[in-house]
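Structure, as structure tokens:
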There are 2 protein chains.
Amino acid sequence: MTIYDISKKAGVSIATVSRVLNGSDKVRPSTRKKVMDIIEKYDYTPNAFARGMGLHSLQTIGILCADSSDLFLAKAVYYLEQELQANGYESLLCCTGYNLDIKQSYLNLILSKKVDGIILVGSNFIGTSEEENQYIKDVSTQVPIMLLNASFDYPNVYSTLCDDYTTMFEATSSMLNAGIEDILYLYNSNSYSGAKKLSGFKAAMEAHHIPDYEKRIHFFKGDPQQMDDIADFVERLAKRNITFHGVIASEDPLAIGAMKYAQRKGIDVPNDLSIIGYNNSMLTTCCTPELTSVDNRLETQTHQLVQTLLGVLSGEEMPKKSIFSGKLIKRGTTLF
Amino acid sequence: MTIYDISKKAGVSIATVSRVLNGSDKVRPSTRKKVMDIIEKYDYTPNAFARGMGLHSLQTIGILCADSSDLFLAKAVYYLEQELQANGYESLLCCTGYNLDIKQSYLNLILSKKVDGIILVGSNFIGTSEEENQYIKDVSTQVPIMLLNASFDYPNVYSTLCDDYTTMFEATSSMLNAGIEDILYLYNSNSYSGAKKLSGFKAAMEAHHIPDYEKRIHFFKGDPQQMDDIADFVERLAKRNITFHGVIASEDPLAIGAMKYAQRKGIDVPNDLSIIGYNNSMLTTCCTPELTSVDNRLETQTHQLVQTLLGVLSGEEMPKKSIFSGKLIKRGTTLF
């Protein structure tokens, strides 16, 4: 019986089970009771509790992420830490930024803190050249390296990821099948996962024989937390006579920015403009209409990653790569 | 010349200067040029660069936060890490959850990693009893402890905070002065800062002699990232004949939940219902109308905290407590 089984039986998320175990006050009493009843029924003892609430934990996992204020990365770190804690591991996190030298420096720092394994969160740790990935190879000789939402083939490196290519292919196809062919594609990162999403979009456009689709692919170079800047960007595109009746964004904030543009111009979403975001973040339910978005199975990914790491650390044979499919969560910004 | 001076001269945030220094691609070329021009003009060399891009940094700061997926805490961690990095310090972060035993365990873990100072992010590390704060006292004999948005008087413990009491008093008074007296107050935390906000609200209601205001104060016990749950909660309150023409929330997500409730019921915001959030997070610009919210000066706070820490570490006499005033940022959910 794992924390995952408890969450399934209780019909709540792993995060909620963790919150109950960690004494958070952000759980409804009825939910807490439901979880505790199942824990008692199956006599579940999380490893951390067996070890005395983690007080005498000996093992530490290092986590690196580029930017803790990115909604997707922050959520990933949260899930990872909760599940590690529930399994009796403590974690140390470094936020590295996007500069290769500094990432390398942090990887060595965290290794020097005697961690048992290292998790790299997000696909921006993987470069396109052998040279860029050398720092990961170097460290993998000493501890297992786990990649979340990225992939890299090397001994002692394990990958868990969403198939962003196929997932974006399918999301784009849904829009095309609904008869919307002039689709603006907005993205803001050329990371491993960013490149996969873009390829998936292009492949769907090719498969549907859409002419000149590339003129509607645009890179937003700016702070993705500034919705007004994103809306300005879309407005400038529209002024350059780039027409579109659909928007697909590589991140939810870009999609929200496109909604702001539509609102300024009095364009009816979803009747005259369909919008799809990506990551299914908390932003999707903050706006009106609510945002249709791709769920890239972050909680499932983090669960698999931790289970793989625990297996590796206890000497078991574990899958080198675990790949999940994302899913389009339909809300108010699309009619299909 | 500090990173703060550069940001002022360039008219951009410290975070943006850091992004430029760290080679992030999330900066517009024009902004990057503006920042680089000022750096060159004043021949600014951030300490990290002087030390070779932080590659040979010797000093490490430990950061503890309860929950990295909380928007406010995540942003605080981001600002702290960026400014520490710009000053040549690396940082190690632990996300502790809300359980006292586990917080204590993490504080000892981070201390064992030979950090030069420890930052506790958010007011939930400070309890109301001497006993609850003993773990902080114990560690403060070894390294300086810096509190962000909390306060605790003890040798070698330094505090940087927003005066949440006065700030909430003033925000509430703005609404009362606009003639809106039946105000629903929503909160979800009894932390140090949560308690200050609530007291500020109550004091304003008392000062304006509002009768029976306490029946409109409600604690939301649930996941603050679930907007629909918050909207359900407000709907249940309304069904219990709790009338209100204003909502003040201790966190932006609660305010967004109240907006969702209004939208479901066809209540016109801001004409028939005024709403104020708190933290001035990215959520404020994701919704329609945009949310009026209190800016609690997070970036200024984190800057002051790091400067104080750097001073303490170099043996200077530094202020034990730095207190800033928050500011109401008026947007579309209020008419005043």
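Simple scheme: letters A, B, ... for chains in structure tokens order, numbers from 1 for residues in each chain, numbers from 1 for ligands in the order shown.
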Mind dumping a table of every chain B residue within 6 Å of chain A, with the nearest atom pair and its distance in Å to one decimal, using only C-alpha atoms, sorted by chain and rising number, as a tab-separated table?
```
residue	atom	partner	partner_atom	distance
B:Asn22	CA	A:Asn99	CA	5.6
B:Gly23	CA	A:Asn99	CA	5.5
B:Ser24	CA	A:Tyr98	CA	5.4
B:Lys26	CA	A:Gly222	CA	4.7
B:Val27	CA	A:Gly222	CA	4.9
B:Arg28	CA	A:Gly222	CA	5.2
B:Leu55	CA	A:Ser105	CA	5.3
B:Ser68	CA	A:Tyr78	CA	5.7
B:Ser69	CA	A:Lys75	CA	5.1
B:Ala74	CA	A:Ser69	CA	5.1
B:Lys75	CA	A:Ser69	CA	5.1
B:Tyr78	CA	A:Ser68	CA	5.7
B:Leu92	CA	A:Cys94	CA	5.3
B:Leu93	CA	A:Leu93	CA	4.7
B:Cys94	CA	A:Leu92	CA	5.3
B:Tyr98	CA	A:Ser24	CA	5.5
B:Asn99	CA	A:Gly23	CA	5.5
B:Ser105	CA	A:Leu55	CA	5.3
B:Lys221	CA	A:Arg28	CA	5.6
B:Gly222	CA	A:Lys26	CA	4.7
B:Asp223	CA	A:Lys26	CA	5.4
B:Cys286	CA	A:Cys287	CA	5.8
B:Cys287	CA	A:Cys287	CA	4.5
```
Per-residue DSSP, segment 47-120 of chain B, filtered to strand (DSSP E), as a list in words
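Matching residues, listed in order: Thr60, Ile61, Gly62, Ile63, Leu64, Cys65, Glu90, Ser91, Leu92, Leu93, Cys94, Cys95, Gly117, Ile118, Ile119 and Leu120 of chain B.
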Emit the selected residues as a short mmCIF file (atom, residue, chain, number, x, y, z; two decimals), in the first residue's frame, including N, CA, C and O atoms.
```
data_model
loop_
_atom_site.label_atom_id
_atom_site.label_comp_id
_atom_site.auth_asym_id
_atom_site.auth_seq_id
_atom_site.Cartn_x
_atom_site.Cartn_y
_atom_site.Cartn_z
N THR B 60 26.88 29.81 1.18
CA THR B 60 25.56 29.27 0.87
C THR B 60 24.57 29.72 1.93
O THR B 60 24.87 29.70 3.12
N ILE B 61 23.40 30.13 1.48
CA ILE B 61 22.33 30.53 2.38
C ILE B 61 21.23 29.46 2.31
O ILE B 61 20.87 29.01 1.23
N GLY B 62 20.72 29.07 3.45
CA GLY B 62 19.61 28.13 3.50
C GLY B 62 18.29 28.89 3.51
O GLY B 62 18.17 29.90 4.19
N ILE B 63 17.33 28.41 2.72
CA ILE B 63 16.01 29.05 2.69
C ILE B 63 14.96 27.99 3.02
O ILE B 63 14.99 26.90 2.45
N LEU B 64 14.07 28.30 3.94
CA LEU B 64 12.97 27.40 4.23
C LEU B 64 11.66 28.09 3.87
O LEU B 64 11.45 29.25 4.24
N CYS B 65 10.80 27.38 3.13
CA CYS B 65 9.45 27.91 2.93
C CYS B 65 8.48 26.74 3.09
O CYS B 65 8.86 25.59 2.92
N GLU B 90 25.14 31.20 -3.14
CA GLU B 90 24.25 30.16 -3.61
C GLU B 90 23.22 29.91 -2.52
O GLU B 90 23.42 30.28 -1.37
N SER B 91 22.11 29.29 -2.90
CA SER B 91 21.10 29.04 -1.88
C SER B 91 20.56 27.63 -1.98
O SER B 91 20.52 27.04 -3.05
N LEU B 92 20.22 27.11 -0.83
CA LEU B 92 19.60 25.79 -0.73
C LEU B 92 18.23 25.99 -0.11
O LEU B 92 18.10 26.66 0.92
N LEU B 93 17.22 25.41 -0.75
CA LEU B 93 15.86 25.62 -0.29
C LEU B 93 15.25 24.33 0.21
O LEU B 93 15.44 23.28 -0.40
N CYS B 94 14.52 24.40 1.31
CA CYS B 94 13.72 23.26 1.75
C CYS B 94 12.27 23.69 1.85
O CYS B 94 11.98 24.74 2.41
N CYS B 95 11.37 22.89 1.31
CA CYS B 95 9.95 23.15 1.46
C CYS B 95 9.44 22.22 2.55
O CYS B 95 9.51 21.01 2.41
N GLY B 117 23.77 31.38 6.70
CA GLY B 117 22.63 32.07 7.27
C GLY B 117 21.38 31.35 6.82
O GLY B 117 21.42 30.57 5.86
N ILE B 118 20.27 31.58 7.51
CA ILE B 118 19.03 30.89 7.16
C ILE B 118 17.90 31.91 7.05
O ILE B 118 17.73 32.77 7.91
N ILE B 119 17.14 31.80 5.95
CA ILE B 119 15.99 32.67 5.72
C ILE B 119 14.72 31.83 5.88
O ILE B 119 14.59 30.78 5.24
N LEU B 120 13.81 32.28 6.72
CA LEU B 120 12.52 31.62 6.86
C LEU B 120 11.49 32.48 6.12
O LEU B 120 11.27 33.63 6.47
#
```
What's the 9 Å shell around Ile136 of chain B, counting only C-alpha atoms, without same-chain residues fewer than 3 positions away, as a list of chain:residue names?
B:Gln104, B:Leu107, B:Phe125, B:Ile126, B:Glu132, B:Asn133, B:Val139, B:Ser140, B:Ile145, B:Val157
Save the residues we just selected, C-alpha atoms, as a PDB file, in the first residue's frame?
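Final file, result39.pdb:
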```pdb
ATOM      1  CA  GLN B 104      12.233  21.626  12.960  1.00  0.00           C
ATOM      2  CA  LEU B 107      15.886  23.537  10.005  1.00  0.00           C
ATOM      3  CA  PHE B 125       7.278  29.686  10.818  1.00  0.00           C
ATOM      4  CA  ILE B 126       6.433  31.808  13.845  1.00  0.00           C
ATOM      5  CA  GLU B 132       6.683  26.666  19.235  1.00  0.00           C
ATOM      6  CA  ASN B 133       9.549  29.083  18.541  1.00  0.00           C
ATOM      7  CA  VAL B 139      19.516  27.502  15.661  1.00  0.00           C
ATOM      8  CA  SER B 140      19.996  31.274  15.994  1.00  0.00           C
ATOM      9  CA  ILE B 145      18.066  33.806  11.114  1.00  0.00           C
ATOM     10  CA  VAL B 157      17.037  36.954  14.487  1.00  0.00           C
TER      11      VAL B 157
END
```
Can you measure atom CA of Glu235 of chain B to atom CA of Ser274 of chain B for me? One decimal in Å is fine.
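Rounded to one decimal, the two atoms are 16.1 Å apart.
Across the model, the gap from atom CA of Ala150 of chain A to atom CA of Gln134 of chain A is 15.6 Å.
In terms of minimum interatomic distance to Ala15 of chain B, B:Val35 ranks closest within B:Val269, B:Val115, B:Val35, B:Ala204, counting only C-alpha atoms.
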